[in-house]
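A.B. asks: Structure file structure34.pdb, PDB, C-alpha atoms and all ligand atoms, is pasted below:
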```pdb
ATOM      1  CA  MET A   1       0.000   0.000   0.000
ATOM      2  CA  GLY A   2       1.309   3.475  -0.868
ATOM      3  CA  PRO A   3       1.587   6.135   1.826
ATOM      4  CA  GLU A   4      -1.550   7.899   2.969
ATOM      5  CA  ILE A   5      -0.923  11.604   2.333
ATOM      6  CA  ILE A   6      -2.665  13.853   4.813
ATOM      7  CA  ALA A   7      -3.276  17.615   4.718
ATOM      8  CA  ASN A   8      -1.508  18.631   7.914
ATOM      9  CA  THR A   9      -0.176  17.401  11.236
ATOM     10  CA  ASP A  10      -3.456  17.923  13.094
ATOM     11  CA  VAL A  11      -5.399  15.810  10.644
ATOM     12  CA  LEU A  12      -2.559  13.289  10.705
ATOM     13  CA  ALA A  13      -2.878  12.977  14.484
ATOM     14  CA  ARG A  14      -6.647  12.492  14.237
ATOM     15  CA  GLN A  15      -6.423   9.889  11.486
ATOM     16  CA  ALA A  16      -3.776   8.007  13.427
ATOM     17  CA  ALA A  17      -5.918   8.150  16.585
ATOM     18  CA  ARG A  18      -8.845   6.730  14.607
ATOM     19  CA  ARG A  19      -6.719   3.946  13.199
ATOM     20  CA  LEU A  20      -5.362   3.156  16.651
ATOM     21  CA  ALA A  21      -8.901   3.019  18.088
ATOM     22  CA  GLU A  22     -10.009   0.690  15.275
ATOM     23  CA  LEU A  23      -7.059  -1.655  15.768
ATOM     24  CA  SER A  24      -7.480  -1.684  19.534
ATOM     25  CA  GLY A  25     -11.131  -2.687  19.086
ATOM     26  CA  GLU A  26     -10.170  -5.527  16.722
ATOM     27  CA  ALA A  27      -7.388  -6.807  18.980
ATOM     28  CA  ILE A  28      -9.456  -6.674  22.154
ATOM     29  CA  ARG A  29     -12.331  -8.479  20.471
ATOM     30  CA  SER A  30     -10.066 -11.253  19.258
ATOM     31  CA  SER A  31      -7.538 -11.624  22.080
ATOM     32  CA  GLY A  32      -8.841  -9.616  25.017
ATOM     33  CA  ARG A  33      -6.017  -7.084  24.952
ATOM     34  CA  PHE A  34      -4.251  -4.545  22.765
ATOM     35  CA  THR A  35      -0.459  -4.287  22.919
ATOM     36  CA  LEU A  36       0.673  -0.895  21.680
ATOM     37  CA  VAL A  37       4.265   0.221  21.152
ATOM     38  CA  LEU A  38       4.929   3.956  21.246
ATOM     39  CA  SER A  39       7.625   5.940  19.514
ATOM     40  CA  GLY A  40       9.321   9.110  20.661
ATOM     41  CA  GLY A  41       9.697  12.361  18.783
ATOM     42  CA  ALA A  42       7.496  15.350  18.040
ATOM     43  CA  THR A  43       5.131  13.816  15.449
ATOM     44  CA  PRO A  44       3.403  11.260  17.698
ATOM     45  CA  LYS A  45       3.039  13.758  20.560
ATOM     46  CA  ARG A  46      -0.018  15.248  18.856
ATOM     47  CA  LEU A  47      -1.508  11.790  18.458
ATOM     48  CA  TYR A  48      -0.943  11.068  22.159
ATOM     49  CA  GLU A  49      -2.646  14.322  23.100
ATOM     50  CA  ARG A  50      -5.651  13.375  20.942
ATOM     51  CA  LEU A  51      -5.922  10.056  22.809
ATOM     52  CA  ALA A  52      -6.440  11.949  26.059
ATOM     53  CA  GLU A  53      -9.315  13.981  24.619
ATOM     54  CA  ALA A  54     -12.827  12.828  25.488
ATOM     55  CA  GLU A  55     -13.666  11.777  21.913
ATOM     56  CA  PHE A  56     -10.970   9.096  21.865
ATOM     57  CA  SER A  57     -10.431   8.504  25.545
ATOM     58  CA  ARG A  58     -14.056   7.387  25.979
ATOM     59  CA  MET A  59     -13.833   5.113  22.972
ATOM     60  CA  LEU A  60     -10.782   3.213  24.235
ATOM     61  CA  ASP A  61     -10.993   0.303  26.649
ATOM     62  CA  TRP A  62      -8.021   1.386  28.761
ATOM     63  CA  ASP A  63      -8.123  -1.631  31.096
ATOM     64  CA  SER A  64      -7.283  -3.856  28.128
ATOM     65  CA  ILE A  65      -4.578  -1.659  26.596
ATOM     66  CA  HIS A  66      -0.921  -2.340  27.338
ATOM     67  CA  ILE A  67       1.636   0.310  26.496
ATOM     68  CA  PHE A  68       5.238  -0.434  25.534
ATOM     69  CA  TRP A  69       8.021   1.582  23.893
ATOM     70  CA  GLY A  70       9.998   0.892  20.727
ATOM     71  CA  ASP A  71      12.966   2.843  21.996
ATOM     72  CA  GLU A  72      14.140   4.997  24.849
ATOM     73  CA  ARG A  73      16.799   7.568  25.481
ATOM     74  CA  CYS A  74      19.020   6.674  28.447
ATOM     75  CA  VAL A  75      17.755   9.356  30.799
ATOM     76  CA  PRO A  76      15.513   9.275  33.888
ATOM     77  CA  PRO A  77      11.729   9.259  33.321
ATOM     78  CA  ASP A  78      11.309  12.905  34.324
ATOM     79  CA  HIS A  79      14.037  14.107  31.936
ATOM     80  CA  PRO A  80      12.754  16.286  29.036
ATOM     81  CA  GLU A  81      14.192  13.784  26.540
ATOM     82  CA  SER A  82      12.497  10.720  28.008
ATOM     83  CA  ASN A  83      10.101   9.068  25.557
ATOM     84  CA  TYR A  84       8.200   7.638  28.504
ATOM     85  CA  GLY A  85       8.038  11.097  30.111
ATOM     86  CA  MET A  86       6.658  12.640  26.922
ATOM     87  CA  ALA A  87       3.937  10.001  26.600
ATOM     88  CA  PHE A  88       3.159  10.205  30.311
ATOM     89  CA  LYS A  89       2.527  13.942  30.144
ATOM     90  CA  SER A  90       0.726  13.783  26.800
ATOM     91  CA  PHE A  91      -1.808  11.102  27.694
ATOM     92  CA  ILE A  92      -0.904   8.403  30.201
ATOM     93  CA  ASP A  93      -1.402  10.737  33.132
ATOM     94  CA  ARG A  94      -4.721  11.945  31.712
ATOM     95  CA  VAL A  95      -6.543   8.694  30.928
ATOM     96  CA  PRO A  96      -7.790   5.813  33.111
ATOM     97  CA  LEU A  97      -4.949   3.488  32.115
ATOM     98  CA  PRO A  98      -4.031   1.139  34.990
ATOM     99  CA  PRO A  99      -0.360   1.670  35.999
ATOM    100  CA  ARG A 100       0.235  -2.098  35.665
ATOM    101  CA  ASN A 101      -0.491  -1.736  31.931
ATOM    102  CA  VAL A 102       2.457   0.635  31.412
ATOM    103  CA  HIS A 103       5.637  -1.243  30.499
ATOM    104  CA  ARG A 104       8.398   1.289  30.144
ATOM    105  CA  ILE A 105      12.078   0.950  29.305
ATOM    106  CA  ARG A 106      13.989   2.050  32.387
ATOM    107  CA  GLY A 107      16.164   4.755  30.859
ATOM    108  CA  GLU A 108      17.633   5.600  34.241
ATOM    109  CA  MET A 109      19.437   2.220  34.439
ATOM    110  CA  LYS A 110      22.781   1.427  32.809
ATOM    111  CA  PRO A 111      21.920   1.039  29.092
ATOM    112  CA  ARG A 112      22.717  -2.671  28.744
ATOM    113  CA  GLU A 113      20.948  -3.480  31.990
ATOM    114  CA  ALA A 114      17.917  -1.495  30.840
ATOM    115  CA  ALA A 115      17.850  -3.500  27.594
ATOM    116  CA  THR A 116      18.118  -6.813  29.452
ATOM    117  CA  ALA A 117      15.431  -5.800  31.945
ATOM    118  CA  TYR A 118      13.046  -4.730  29.177
ATOM    119  CA  GLU A 119      13.603  -7.938  27.218
ATOM    120  CA  LYS A 120      12.905  -9.912  30.390
ATOM    121  CA  LYS A 121       9.702  -7.939  30.874
ATOM    122  CA  LEU A 122       8.639  -8.761  27.296
ATOM    123  CA  ARG A 123       9.412 -12.457  27.814
ATOM    124  CA  THR A 124       7.292 -12.611  30.948
ATOM    125  CA  PHE A 125       4.445 -10.693  29.360
ATOM    126  CA  PHE A 126       4.282 -12.505  26.023
ATOM    127  CA  PHE A 127       5.516 -15.966  26.994
ATOM    128  CA  PRO A 128       4.715 -16.490  30.669
ATOM    129  CA  GLY A 129       6.154 -19.727  32.016
ATOM    130  CA  HIS A 130       8.533 -20.242  29.054
ATOM    131  CA  ALA A 131      12.218 -20.319  29.973
ATOM    132  CA  ASP A 132      12.986 -20.448  26.255
ATOM    133  CA  PRO A 133      10.306 -18.494  24.343
ATOM    134  CA  PRO A 134       9.179 -20.247  21.161
ATOM    135  CA  GLY A 135       9.084 -17.011  19.118
ATOM    136  CA  VAL A 136       9.254 -13.242  19.407
ATOM    137  CA  PRO A 137       6.506 -10.942  20.720
ATOM    138  CA  GLY A 138       3.752 -10.164  18.232
ATOM    139  CA  PHE A 139       2.721  -6.641  19.197
ATOM    140  CA  ASP A 140      -0.679  -5.517  17.929
ATOM    141  CA  LEU A 141       0.522  -2.086  16.823
ATOM    142  CA  ILE A 142       3.964  -0.533  16.654
ATOM    143  CA  LEU A 143       4.144   3.208  16.017
ATOM    144  CA  LEU A 144       7.300   4.460  14.371
ATOM    145  CA  GLY A 145       8.744   7.754  13.188
ATOM    146  CA  LEU A 146      11.368   8.587  10.593
ATOM    147  CA  GLY A 147      14.487  10.595  11.365
ATOM    148  CA  HIS A 148      15.928  12.800   8.604
ATOM    149  CA  ASP A 149      18.902  10.393   8.402
ATOM    150  CA  GLY A 150      16.615   7.407   7.819
ATOM    151  CA  HIS A 151      16.609   6.127  11.400
ATOM    152  CA  THR A 152      13.559   4.661  13.014
ATOM    153  CA  ALA A 153      13.040   3.711  16.658
ATOM    154  CA  SER A 154      16.701   3.951  17.777
ATOM    155  CA  LEU A 155      17.974   2.025  14.768
ATOM    156  CA  PHE A 156      20.494   4.432  13.279
ATOM    157  CA  PRO A 157      22.435   4.058  10.022
ATOM    158  CA  LYS A 158      25.056   1.284  10.190
ATOM    159  CA  ALA A 159      23.930   0.110  13.631
ATOM    160  CA  ALA A 160      24.821  -3.508  14.411
ATOM    161  CA  ALA A 161      21.354  -3.778  15.980
ATOM    162  CA  LEU A 162      19.929  -3.845  12.460
ATOM    163  CA  HIS A 163      21.288  -7.375  12.089
ATOM    164  CA  GLU A 164      20.616  -8.652  15.579
ATOM    165  CA  GLN A 165      18.846 -12.012  15.439
ATOM    166  CA  LYS A 166      19.040 -13.245  19.004
ATOM    167  CA  ARG A 167      18.318 -10.366  21.383
ATOM    168  CA  TRP A 168      14.988  -8.580  21.127
ATOM    169  CA  VAL A 169      16.238  -5.382  22.732
ATOM    170  CA  VAL A 170      19.626  -3.777  22.255
ATOM    171  CA  ALA A 171      21.469  -0.882  23.925
ATOM    172  CA  HIS A 172      23.960   1.048  21.866
ATOM    173  CA  HIS A 173      25.865   4.282  21.831
ATOM    174  CA  VAL A 174      24.825   6.582  18.990
ATOM    175  CA  GLU A 175      27.933   8.536  17.998
ATOM    176  CA  GLU A 176      26.086  11.321  16.136
ATOM    177  CA  LEU A 177      23.987  12.076  19.201
ATOM    178  CA  GLU A 178      26.697  11.267  21.741
ATOM    179  CA  SER A 179      24.126   9.372  23.703
ATOM    180  CA  TRP A 180      22.990   5.875  24.568
ATOM    181  CA  ARG A 181      19.730   4.452  23.294
ATOM    182  CA  VAL A 182      17.782   1.269  23.940
ATOM    183  CA  THR A 183      15.777  -0.105  21.036
ATOM    184  CA  LEU A 184      13.710  -3.030  19.803
ATOM    185  CA  THR A 185      15.397  -4.857  16.947
ATOM    186  CA  PRO A 186      13.928  -5.110  13.412
ATOM    187  CA  ARG A 187      13.238  -8.807  13.995
ATOM    188  CA  VAL A 188      10.786  -7.916  16.780
ATOM    189  CA  ILE A 189       9.301  -4.934  14.967
ATOM    190  CA  ASN A 190       8.750  -7.069  11.870
ATOM    191  CA  ALA A 191       6.749  -9.606  13.884
ATOM    192  CA  ALA A 192       4.050  -7.039  14.720
ATOM    193  CA  HIS A 193       0.491  -7.358  13.442
ATOM    194  CA  ASP A 194       0.497  -3.692  12.401
ATOM    195  CA  VAL A 195       3.264  -1.138  11.987
ATOM    196  CA  LEU A 196       2.337   2.487  11.471
ATOM    197  CA  PHE A 197       4.877   5.147  10.500
ATOM    198  CA  LEU A 198       3.908   8.766  11.188
ATOM    199  CA  VAL A 199       5.988  11.308   9.310
ATOM    200  CA  SER A 200       5.548  15.062   9.138
ATOM    201  CA  GLY A 201       7.445  18.179   8.166
ATOM    202  CA  PRO A 202       9.381  19.401   5.116
ATOM    203  CA  GLU A 203      12.741  18.323   6.545
ATOM    204  CA  LYS A 204      11.681  14.677   6.118
ATOM    205  CA  ALA A 205      10.811  14.976   2.421
ATOM    206  CA  GLY A 206      14.172  13.910   0.924
ATOM    207  CA  CYS A 207      14.627  11.004   3.271
ATOM    208  CA  LEU A 208      11.028   9.821   2.911
ATOM    209  CA  LYS A 209      11.465   9.702  -0.859
ATOM    210  CA  GLU A 210      14.673   7.677  -0.519
ATOM    211  CA  VAL A 211      13.117   5.266   1.962
ATOM    212  CA  LEU A 212       9.945   4.670  -0.034
ATOM    213  CA  GLN A 213      11.135   4.993  -3.595
ATOM    214  CA  GLY A 214      14.930   4.624  -3.534
ATOM    215  CA  PRO A 215      16.993   1.436  -3.758
ATOM    216  CA  TYR A 216      16.925  -0.946  -0.785
ATOM    217  CA  ARG A 217      19.849   0.075   1.458
ATOM    218  CA  PRO A 218      18.705  -0.711   5.003
ATOM    219  CA  ASP A 219      22.150  -0.178   6.537
ATOM    220  CA  GLU A 220      22.046   3.443   5.348
ATOM    221  CA  LEU A 221      18.277   3.867   5.721
ATOM    222  CA  PRO A 222      17.215   1.710   8.675
ATOM    223  CA  ALA A 223      13.520   2.483   8.155
ATOM    224  CA  GLN A 224      13.753   0.283   5.052
ATOM    225  CA  ALA A 225      14.553  -2.692   7.304
ATOM    226  CA  ILE A 226      10.989  -2.527   8.586
ATOM    227  CA  ARG A 227       9.041  -5.008   6.503
ATOM    228  CA  PRO A 228       6.576  -6.940   8.656
ATOM    229  CA  ALA A 229       6.687 -10.666   7.882
ATOM    230  CA  SER A 230       2.931 -11.122   7.829
ATOM    231  CA  GLY A 231       1.653  -7.927   9.450
ATOM    232  CA  ARG A 232       0.443  -4.744   7.797
ATOM    233  CA  LEU A 233       2.721  -1.789   7.171
ATOM    234  CA  ARG A 234       1.173   1.627   6.747
ATOM    235  CA  TRP A 235       2.674   5.086   6.300
ATOM    236  CA  MET A 236       0.730   8.211   7.228
ATOM    237  CA  VAL A 237       2.583  11.302   6.055
ATOM    238  CA  ASP A 238       1.693  14.955   5.835
ATOM    239  CA  VAL A 239       1.832  16.857   2.535
ATOM    240  CA  GLU A 240       5.045  18.631   3.499
ATOM    241  CA  ALA A 241       6.878  15.378   4.062
ATOM    242  CA  ALA A 242       5.291  13.912   0.925
ATOM    243  CA  ARG A 243       6.198  16.787  -1.382
ATOM    244  CA  LEU A 244       8.913  14.874  -3.303
ATOM    245  CA  LEU A 245       6.974  11.648  -3.757
TER     246      LEU A 245
HETATM  247  C1  LIG B 301      13.132   8.797  19.246
HETATM  248  C2  LIG B 301      12.390   8.042  18.209
HETATM  249  C3  LIG B 301      12.755   8.322  16.807
HETATM  250  C4  LIG B 301      11.730   9.262  16.177
HETATM  251  C5  LIG B 301      12.267   9.922  14.931
HETATM  252  C6  LIG B 301      11.298  10.916  14.348
HETATM  253  O1  LIG B 301      13.137   8.382  20.366
HETATM  254  O2  LIG B 301      13.702   9.825  18.884
HETATM  255  O3  LIG B 301      11.556   7.056  18.543
HETATM  256  O4  LIG B 301      12.949   7.200  16.016
HETATM  257  O5  LIG B 301      10.560   8.558  15.890
HETATM  258  O6  LIG B 301      13.455  10.562  15.270
HETATM  259  O7  LIG B 301      11.021  11.899  15.281
HETATM  260  P1  LIG B 301      10.109  13.177  14.977
HETATM  261  O8  LIG B 301       8.707  12.716  14.973
HETATM  262  O9  LIG B 301      10.410  14.087  16.146
HETATM  263  O10 LIG B 301      10.563  13.723  13.712
END
```
How does this structure look as structure tokens?

C.D. replies:
Amino acid sequence: MGPEIIANTDVLARQAARRLAELSGEAIRSSGRFTLVLSGGATPKRLYERLAEAEFSRMLDWDSIHIFWGDERCVPPDHPESNYGMAFKSFIDRVPLPPRNVHRIRGEMKPREAATAYEKKLRTFFFPGHADPPGVPGFDLILLGLGHDGHTASLFPKAAALHEQKRWVVAHHVEELESWRVTLTPRVINAAHDVLFLVSGPEKAGCLKEVLQGPYRPDELPAQAIRPASGRLRWMVDVEAARLL
């Protein structure tokens, strides 16, 4: 499916909120819960704020929704760069989501320990009672963004994590940002039932074109490594980001 091109970031946030509500309904009807993976960055913040508004908040069955993160910056939860902190302020703190349904990456821990702890949490949640899980988690919906260098989640160009087959969660130092990040690996992201990229702003136009229409070079453009095995992949992009397509 080609990208869905949307007039502006407000409409983008609403459309994404609608899609999320639809998918949560489907998942809860079929499995009794909805496992949602959040991304960081400015684009999804508007979506998160929509979720806290009465129109969507009332529609969502919060008791059955479980929130996870695709990546985290290695900072404490109250740090301005924390992806958890951003989501907490934007909606988690404003909706009746039970605290036990919030499964954050502990950015305040040492990066590798945070990655191990998060992977352990995923194992217990998705494969309770299995010492050796028979597969990888199949999240219902993973939200992703696109960095202007082609990164997604915290999978940056040339990262070894792009080829990781064993671990589900990896910590690595990102030289360009001089900071540590913890991220899900493509293998886990590609096992999701639905993956939704949200992209907005003119600064993303060149990269979006390369990712969607250029040759396949996932080591340079990690977003290209996201190709769900049997799940659905959808791109919602605003007209500014789509202007070169
Ligand atoms: C993060 C992300 C990251 C983000 C992109 C796009 O923690 O920074 O999860 O992959 O999605 O950088 O971010 P914007 O929406 O701010 O452009």

A.B. asks: As an mmCIF file with C-alpha atoms, keeping the file's coordinate frame, please: the residues near A:Leu244 (cut-off 12 Å, only C-alpha atoms, same-chain neighbours under 6 positions excluded).

C.D. replies:
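That gives us result-v1.cif:
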```
data_model
loop_
_atom_site.group_PDB
_atom_site.id
_atom_site.type_symbol
_atom_site.label_atom_id
_atom_site.label_comp_id
_atom_site.auth_asym_id
_atom_site.auth_seq_id
_atom_site.Cartn_x
_atom_site.Cartn_y
_atom_site.Cartn_z
ATOM 1 C CA ILE A 5 -0.923 11.604 2.333
ATOM 2 C CA PRO A 202 9.381 19.401 5.116
ATOM 3 C CA GLU A 203 12.741 18.323 6.545
ATOM 4 C CA LYS A 204 11.681 14.677 6.118
ATOM 5 C CA ALA A 205 10.811 14.976 2.421
ATOM 6 C CA GLY A 206 14.172 13.910 0.924
ATOM 7 C CA CYS A 207 14.627 11.004 3.271
ATOM 8 C CA LEU A 208 11.028 9.821 2.911
ATOM 9 C CA LYS A 209 11.465 9.702 -0.859
ATOM 10 C CA GLU A 210 14.673 7.677 -0.519
ATOM 11 C CA VAL A 211 13.117 5.266 1.962
ATOM 12 C CA LEU A 212 9.945 4.670 -0.034
ATOM 13 C CA GLN A 213 11.135 4.993 -3.595
ATOM 14 C CA GLY A 214 14.930 4.624 -3.534
ATOM 15 C CA VAL A 237 2.583 11.302 6.055
ATOM 16 C CA ASP A 238 1.693 14.955 5.835
#
```

A.B. asks: Take atom O9 of ligand LIG 301 (chain B) and atom CA of A:Arg181 and report the distance between them in Å, one decimal.

C.D. replies: 15.2 Å

A.B. asks: Please identify all polymer residues within 7 Å of stretch 164-174 of chain A, counting only C-alpha atoms, omitting same-chain residues fewer than 4 positions from it, and present them as number ranges by chain.

C.D. replies: A: 111-112, 115, 119, 160, 178-185, 187-188

A.B. asks: Applying 12 Å and only C-alpha atoms, which residues near stretch 76-79 of chain A remain after dropping the ones on its own chain fewer than 2 positions away? List them as a ChimeraX atom specification.

C.D. replies: /A:72-74,81-89,104-111,114

A.B. asks: Hey, can you spit out that residue selection with C-alpha atoms as a CSV table (one decimal), in the coordinates of the input?

C.D. replies:
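So part_17.csv came out as:
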```csv
chain,number,residue,atom,x,y,z
A,72,GLU,CA,14.1,5.0,24.8
A,73,ARG,CA,16.8,7.6,25.5
A,74,CYS,CA,19.0,6.7,28.4
A,81,GLU,CA,14.2,13.8,26.5
A,82,SER,CA,12.5,10.7,28.0
A,83,ASN,CA,10.1,9.1,25.6
A,84,TYR,CA,8.2,7.6,28.5
A,85,GLY,CA,8.0,11.1,30.1
A,86,MET,CA,6.7,12.6,26.9
A,87,ALA,CA,3.9,10.0,26.6
A,88,PHE,CA,3.2,10.2,30.3
A,89,LYS,CA,2.5,13.9,30.1
A,104,ARG,CA,8.4,1.3,30.1
A,105,ILE,CA,12.1,1.0,29.3
A,106,ARG,CA,14.0,2.0,32.4
A,107,GLY,CA,16.2,4.8,30.9
A,108,GLU,CA,17.6,5.6,34.2
A,109,MET,CA,19.4,2.2,34.4
A,110,LYS,CA,22.8,1.4,32.8
A,111,PRO,CA,21.9,1.0,29.1
A,114,ALA,CA,17.9,-1.5,30.8
```

A.B. asks: Please, which residues have at least one atom within 9 Å of an atom of ligand LIG 301 (chain B), using all atoms listed in the file, listed as a ChimeraX atom specification?

C.D. replies: /A:38-45,69-73,81-83,143-156,181,183,197-201,203-204

A.B. asks: Write the residues you've just listed into a file as a compact mmCIF listing (two decimals), in the coordinates of the input, and include C-alpha atoms for each of them.

C.D. replies:
```txt
# COMPACT_ATOMS: atom_id res chain seq x y z
CA LEU A 38 4.93 3.96 21.25
CA SER A 39 7.62 5.94 19.51
CA GLY A 40 9.32 9.11 20.66
CA GLY A 41 9.70 12.36 18.78
CA ALA A 42 7.50 15.35 18.04
CA THR A 43 5.13 13.82 15.45
CA PRO A 44 3.40 11.26 17.70
CA LYS A 45 3.04 13.76 20.56
CA TRP A 69 8.02 1.58 23.89
CA GLY A 70 10.00 0.89 20.73
CA ASP A 71 12.97 2.84 22.00
CA GLU A 72 14.14 5.00 24.85
CA ARG A 73 16.80 7.57 25.48
CA GLU A 81 14.19 13.78 26.54
CA SER A 82 12.50 10.72 28.01
CA ASN A 83 10.10 9.07 25.56
CA LEU A 143 4.14 3.21 16.02
CA LEU A 144 7.30 4.46 14.37
CA GLY A 145 8.74 7.75 13.19
CA LEU A 146 11.37 8.59 10.59
CA GLY A 147 14.49 10.60 11.36
CA HIS A 148 15.93 12.80 8.60
CA ASP A 149 18.90 10.39 8.40
CA GLY A 150 16.61 7.41 7.82
CA HIS A 151 16.61 6.13 11.40
CA THR A 152 13.56 4.66 13.01
CA ALA A 153 13.04 3.71 16.66
CA SER A 154 16.70 3.95 17.78
CA LEU A 155 17.97 2.02 14.77
CA PHE A 156 20.49 4.43 13.28
CA ARG A 181 19.73 4.45 23.29
CA THR A 183 15.78 -0.10 21.04
CA PHE A 197 4.88 5.15 10.50
CA LEU A 198 3.91 8.77 11.19
CA VAL A 199 5.99 11.31 9.31
CA SER A 200 5.55 15.06 9.14
CA GLY A 201 7.44 18.18 8.17
CA GLU A 203 12.74 18.32 6.54
CA LYS A 204 11.68 14.68 6.12
```

A.B. asks: Hey, can you check how far atom CA of A:Ala7 sits from atom CA of A:Arg50?

C.D. replies: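 Computing the Euclidean distance for atom CA of A:Ala7 and atom CA of A:Arg50 yields 16.9 Å.
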
A.B. asks: Suppose you want the space between atom CA of A:Pro218 and atom CA of A:Ala13; what is it in Å?

C.D. replies: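 Straight-line distance from atom CA of A:Pro218 to atom CA of A:Ala13 works out to 27.3 Å.
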
A.B. asks: With distances taken over only C-alpha atoms, which of A:Ala241, A:Leu162, A:Leu20, A:Leu196 is nearest to A:Asp219?

C.D. replies: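 For A:Asp219, the nearest of the given residues is A:Leu162.
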
A.B. asks: So which residues get picked by the PyMOL selection byres (((chain A and resi 141) around 6) and not hetatm) here, written as a VMD selection string?

C.D. replies: chain A and resid 36 139 to 140 142 194 to 195

A.B. asks: Once the PyMOL selection byres (((chain A and resi 96) around 12) and not hetatm) is applied to the coordinates I shared, what remains selected? I want it as a list in words.

C.D. replies: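 This file, filtered by the PyMOL selection byres (((chain A and resi 96) around 12) and not hetatm), leaves Leu51, Ala52, Glu53, Ala54, Ser57, Arg58, Met59, Leu60, Asp61, Trp62, Asp63, Ser64, Ile65, Phe91, Ile92, Asp93, Arg94, Val95, Leu97, Pro98, Pro99, Arg100, Asn101 and Val102 of chain A.
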
A.B. asks: Filtering to C-alpha atoms, could you give me those residues as a short mmCIF file (atom, residue, chain, number, x, y, z; two decimals), in the frame of the given file?

C.D. replies:
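To be explicit, this is the file written out as part19.cif:
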```
data_model
loop_
_atom_site.label_atom_id
_atom_site.label_comp_id
_atom_site.auth_asym_id
_atom_site.auth_seq_id
_atom_site.Cartn_x
_atom_site.Cartn_y
_atom_site.Cartn_z
CA LEU A 51 -5.92 10.06 22.81
CA ALA A 52 -6.44 11.95 26.06
CA GLU A 53 -9.32 13.98 24.62
CA ALA A 54 -12.83 12.83 25.49
CA SER A 57 -10.43 8.50 25.54
CA ARG A 58 -14.06 7.39 25.98
CA MET A 59 -13.83 5.11 22.97
CA LEU A 60 -10.78 3.21 24.24
CA ASP A 61 -10.99 0.30 26.65
CA TRP A 62 -8.02 1.39 28.76
CA ASP A 63 -8.12 -1.63 31.10
CA SER A 64 -7.28 -3.86 28.13
CA ILE A 65 -4.58 -1.66 26.60
CA PHE A 91 -1.81 11.10 27.69
CA ILE A 92 -0.90 8.40 30.20
CA ASP A 93 -1.40 10.74 33.13
CA ARG A 94 -4.72 11.94 31.71
CA VAL A 95 -6.54 8.69 30.93
CA LEU A 97 -4.95 3.49 32.12
CA PRO A 98 -4.03 1.14 34.99
CA PRO A 99 -0.36 1.67 36.00
CA ARG A 100 0.24 -2.10 35.66
CA ASN A 101 -0.49 -1.74 31.93
CA VAL A 102 2.46 0.64 31.41
#
```

A.B. asks: For A:Phe126, work out the shell of residues within 9 Å, counting all atoms listed in the file and skipping chain neighbours fewer than 2 positions away, then give it as a PyMOL selection string.

C.D. replies: chain A and resi 121-124+128+133+136-138

A.B. asks: Measuring atom to atom with all atoms listed in the file, identify which of A:His103, A:Lys158, A:Pro3, A:Tyr216 is nearest to A:Lys120.

C.D. replies: A:His103

A.B. asks: Give me the residues within 9 Å of A:Ala229 as a PDB file with C-alpha atoms, in the coordinates of the input, counting all atoms listed in the file and dropping any in the same chain fewer than 2 places off.

C.D. replies:
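As written to disk, part.pdb reads:
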```pdb
ATOM      1  CA  ASN A 190       8.750  -7.069  11.870  1.00  0.00           C
ATOM      2  CA  ALA A 191       6.749  -9.606  13.884  1.00  0.00           C
ATOM      3  CA  ALA A 192       4.050  -7.039  14.720  1.00  0.00           C
ATOM      4  CA  HIS A 193       0.491  -7.358  13.442  1.00  0.00           C
ATOM      5  CA  ARG A 227       9.041  -5.008   6.503  1.00  0.00           C
ATOM      6  CA  GLY A 231       1.653  -7.927   9.450  1.00  0.00           C
ATOM      7  CA  ARG A 232       0.443  -4.744   7.797  1.00  0.00           C
TER       8      ARG A 232
END
```

A.B. asks: Take every atom of stretch 164-180 of chain A listed in the file, fit an axis-aligned box around them, add 6 Å per side, and give the centre and edge lengths in Å to one decimal as lines of an AutoDock Vina configuration file.

C.D. replies:
```
center_x = 21.5
center_y = -0.6
center_z = 20.0
size_x = 24.9
size_y = 37.3
size_z = 21.1
```
